[in-house]
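S.K.: Starting off with a structure, shown below.
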Amino acid sequence: MVSIPNSFSSGSVIKSADVNTNFTTVAAAILPTFTFTVVGTLVTGTNVTPALIVHNALTISKAYAYVKTAPTGAAILIDINKNGTSIWNVTPANRLSIAAGAQTGSQTSFDSTTLAENDILTIDIDTIGSTVAGADITIELKCV
């Protein structure tokens with residue numbers, strides 16, 4: 001939990017600098033997260049969701065995935081691209097995955113973590129499960 005530096009009591013007079021300090025502290029605590037969703041049974045493909053635009057310089061810290069229907073027979077394998085290039089372009093084995101029989105997955109190892117204003121983020125789904133494809137996926141990319 002973020003500690004707000006200035007506390008104010010009801011009816012008190014406050015300095016704008018204190019309000020600005022509080023605002024800056026709260027704004028810094030709100031971590032940007034990019035969210036992608038695919039509704040229905042998954043199929044493999046590139047650019048499977050609408051692209052998202054990065055609004056300022058950020059650093060990728062963690063990727064998450066959740067499916068309502070778990071894949072069976074094989075894992076779901078997800079690639080996140082920045083301007084058309086995988087953020088795992090050197091180490092594709094680290095791509096975000098959801099194991100067969102599981103509903104969630106996460107990843108903290110990336111080859112590229114820097115995002116700049118106007119970068120474009122897209123999603124590829126590389127595998128979906130070989131017996132039962134996963135369905136209804138949400139992918140989140142947490143940044144700082």
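Each chain of the structure tokens is named A, B, ... in the order shown, its residues numbered from 1; ligands are numbered from 1 in display order.
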Contacts of Thr69 in chain A at 12 Å or less, counting only C-alpha atoms, minus same-chain residues fewer than 6 places along, as a PyMOL selection string?
M.R.: chain A and resi 39-42+76+98-104+128-129+132-138
S.K.: Please produce a file of those selected residues containing N, CA and C atoms, as a PDB file, in the first residue's frame.
M.R.:
ATOM      1  N   VAL A  39     -12.199 -13.548 -27.205  1.00  0.00           N
ATOM      2  CA  VAL A  39     -13.409 -14.243 -26.764  1.00  0.00           C
ATOM      3  C   VAL A  39     -13.650 -15.451 -27.664  1.00  0.00           C
ATOM      4  N   GLY A  40     -14.007 -16.574 -27.040  1.00  0.00           N
ATOM      5  CA  GLY A  40     -14.308 -17.782 -27.798  1.00  0.00           C
ATOM      6  C   GLY A  40     -13.139 -18.745 -27.824  1.00  0.00           C
ATOM      7  N   THR A  41     -13.317 -19.822 -28.583  1.00  0.00           N
ATOM      8  CA  THR A  41     -12.287 -20.845 -28.711  1.00  0.00           C
ATOM      9  C   THR A  41     -11.079 -20.255 -29.432  1.00  0.00           C
ATOM     10  N   LEU A  42      -9.909 -20.480 -28.878  1.00  0.00           N
ATOM     11  CA  LEU A  42      -8.693 -19.910 -29.446  1.00  0.00           C
ATOM     12  C   LEU A  42      -8.289 -20.605 -30.742  1.00  0.00           C
ATOM     13  N   ILE A  76      -0.896 -23.423 -24.144  1.00  0.00           N
ATOM     14  CA  ILE A  76      -1.152 -22.231 -24.947  1.00  0.00           C
ATOM     15  C   ILE A  76       0.136 -21.431 -24.922  1.00  0.00           C
ATOM     16  N   ILE A  98       0.450 -20.904 -20.941  1.00  0.00           N
ATOM     17  CA  ILE A  98      -0.466 -21.531 -19.977  1.00  0.00           C
ATOM     18  C   ILE A  98      -0.342 -23.026 -20.223  1.00  0.00           C
ATOM     19  N   ALA A  99       0.096 -23.753 -19.211  1.00  0.00           N
ATOM     20  CA  ALA A  99       0.335 -25.191 -19.344  1.00  0.00           C
ATOM     21  C   ALA A  99      -0.963 -25.940 -19.620  1.00  0.00           C
ATOM     22  N   ALA A 100      -0.838 -27.088 -20.276  1.00  0.00           N
ATOM     23  CA  ALA A 100      -1.991 -27.955 -20.515  1.00  0.00           C
ATOM     24  C   ALA A 100      -2.655 -28.271 -19.180  1.00  0.00           C
ATOM     25  N   GLY A 101      -3.961 -28.126 -19.113  1.00  0.00           N
ATOM     26  CA  GLY A 101      -4.720 -28.393 -17.897  1.00  0.00           C
ATOM     27  C   GLY A 101      -4.778 -27.224 -16.931  1.00  0.00           C
ATOM     28  N   ALA A 102      -4.046 -26.160 -17.198  1.00  0.00           N
ATOM     29  CA  ALA A 102      -4.023 -24.988 -16.308  1.00  0.00           C
ATOM     30  C   ALA A 102      -4.852 -23.841 -16.912  1.00  0.00           C
ATOM     31  N   GLN A 103      -5.181 -22.877 -16.064  1.00  0.00           N
ATOM     32  CA  GLN A 103      -5.926 -21.714 -16.530  1.00  0.00           C
ATOM     33  C   GLN A 103      -5.122 -20.422 -16.480  1.00  0.00           C
ATOM     34  N   THR A 104      -3.962 -20.441 -15.825  1.00  0.00           N
ATOM     35  CA  THR A 104      -3.182 -19.216 -15.693  1.00  0.00           C
ATOM     36  C   THR A 104      -1.720 -19.447 -16.036  1.00  0.00           C
ATOM     37  N   ILE A 128      -2.434 -23.602 -29.021  1.00  0.00           N
ATOM     38  CA  ILE A 128      -3.725 -23.432 -28.334  1.00  0.00           C
ATOM     39  C   ILE A 128      -4.160 -24.640 -27.522  1.00  0.00           C
ATOM     40  N   GLY A 129      -3.383 -25.703 -27.511  1.00  0.00           N
ATOM     41  CA  GLY A 129      -3.822 -26.969 -26.923  1.00  0.00           C
ATOM     42  C   GLY A 129      -4.091 -27.920 -28.071  1.00  0.00           C
ATOM     43  N   VAL A 132      -7.925 -30.190 -26.641  1.00  0.00           N
ATOM     44  CA  VAL A 132      -8.954 -29.152 -26.467  1.00  0.00           C
ATOM     45  C   VAL A 132      -8.248 -27.809 -26.481  1.00  0.00           C
ATOM     46  N   ALA A 133      -8.691 -26.941 -27.382  1.00  0.00           N
ATOM     47  CA  ALA A 133      -8.120 -25.595 -27.427  1.00  0.00           C
ATOM     48  C   ALA A 133      -8.628 -24.802 -26.230  1.00  0.00           C
ATOM     49  N   GLY A 134      -7.799 -23.949 -25.708  1.00  0.00           N
ATOM     50  CA  GLY A 134      -8.251 -23.046 -24.656  1.00  0.00           C
ATOM     51  C   GLY A 134      -9.282 -22.078 -25.222  1.00  0.00           C
ATOM     52  N   ALA A 135     -10.009 -21.417 -24.331  1.00  0.00           N
ATOM     53  CA  ALA A 135     -11.026 -20.452 -24.772  1.00  0.00           C
ATOM     54  C   ALA A 135     -11.086 -19.268 -23.824  1.00  0.00           C
ATOM     55  N   ASP A 136     -11.474 -18.134 -24.390  1.00  0.00           N
ATOM     56  CA  ASP A 136     -11.717 -16.908 -23.630  1.00  0.00           C
ATOM     57  C   ASP A 136     -10.476 -16.506 -22.825  1.00  0.00           C
ATOM     58  N   ILE A 137      -9.495 -15.962 -23.540  1.00  0.00           N
ATOM     59  CA  ILE A 137      -8.216 -15.612 -22.905  1.00  0.00           C
ATOM     60  C   ILE A 137      -8.144 -14.104 -22.611  1.00  0.00           C
ATOM     61  N   THR A 138      -7.542 -13.795 -21.481  1.00  0.00           N
ATOM     62  CA  THR A 138      -7.173 -12.418 -21.118  1.00  0.00           C
ATOM     63  C   THR A 138      -5.675 -12.401 -20.890  1.00  0.00           C
TER      64      THR A 138
END
S.K.: Tell me, which residues of chain A carry DSSP strand (DSSP E or B), written as a PyMOL selection string?
M.R.: chain A and resi 33-41+45+52-53+58-69+72+76-82+85-86+96-98+104-107+114-115+120-128+132+135-143
S.K.: Once you count only C-alpha atoms, what closest atom pair and distance in Å to one decimal does each residue of range 27-71 of chain A within 9 Å of range 106-127 of chain A have, with rows by chain and rising residue number, as CSV?
M.R.:
residue,atom,partner,partner_atom,distance
A:Phe34,CA,A:Leu121,CA,8.7
A:Phe36,CA,A:Ile123,CA,7.8
A:Leu42,CA,A:Ile125,CA,8.1
A:Val43,CA,A:Ile125,CA,7.2
A:Thr44,CA,A:Ile125,CA,4.9
A:Gly45,CA,A:Ile125,CA,5.4
A:Thr46,CA,A:Asp124,CA,4.3
A:Asn47,CA,A:Ile123,CA,5.2
A:Val48,CA,A:Ile123,CA,5.9
A:Thr49,CA,A:Ile123,CA,6.3
A:Pro50,CA,A:Thr122,CA,7.1
A:Ala51,CA,A:Thr122,CA,5.0
A:Leu52,CA,A:Leu121,CA,5.1
A:Ile53,CA,A:Ile120,CA,4.9
A:Val54,CA,A:Asn118,CA,5.2
A:His55,CA,A:Glu117,CA,4.9
A:Asn56,CA,A:Glu117,CA,4.1
A:Ala57,CA,A:Ala116,CA,4.3
A:Leu58,CA,A:Leu115,CA,5.0
A:Thr59,CA,A:Thr114,CA,4.8
A:Ile60,CA,A:Thr113,CA,4.8
A:Ser61,CA,A:Thr108,CA,6.2
A:Lys62,CA,A:Thr108,CA,4.7
A:Ala63,CA,A:Gln107,CA,5.2
A:Tyr64,CA,A:Ser106,CA,4.3
A:Ala65,CA,A:Ser106,CA,6.2
A:Tyr66,CA,A:Ser106,CA,8.9
S.K.: Rank A:Asn81, A:Lys68, A:Asn94, A:Asn20 by their smallest atom-to-atom distance to Thr37 in chain A, using only C-alpha atoms, and report the top residue only.
M.R.: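 When distances to Thr37 in chain A are compared using only C-alpha atoms, the smallest one comes from A:Lys68.
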S.K.: Between A:Val90, A:Ile30, A:Leu77, A:Val19, which is the closest to Ile139 in chain A once you count only C-alpha atoms?
M.R.: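 Smallest separation from Ile139 in chain A among the options: A:Leu77.
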S.K.: What does the structure give for the distance between CA of Ser130 in chain A and CA of Ser86 in chain A, in Å to one decimal?
M.R.: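 It comes out at 23.4 Å.
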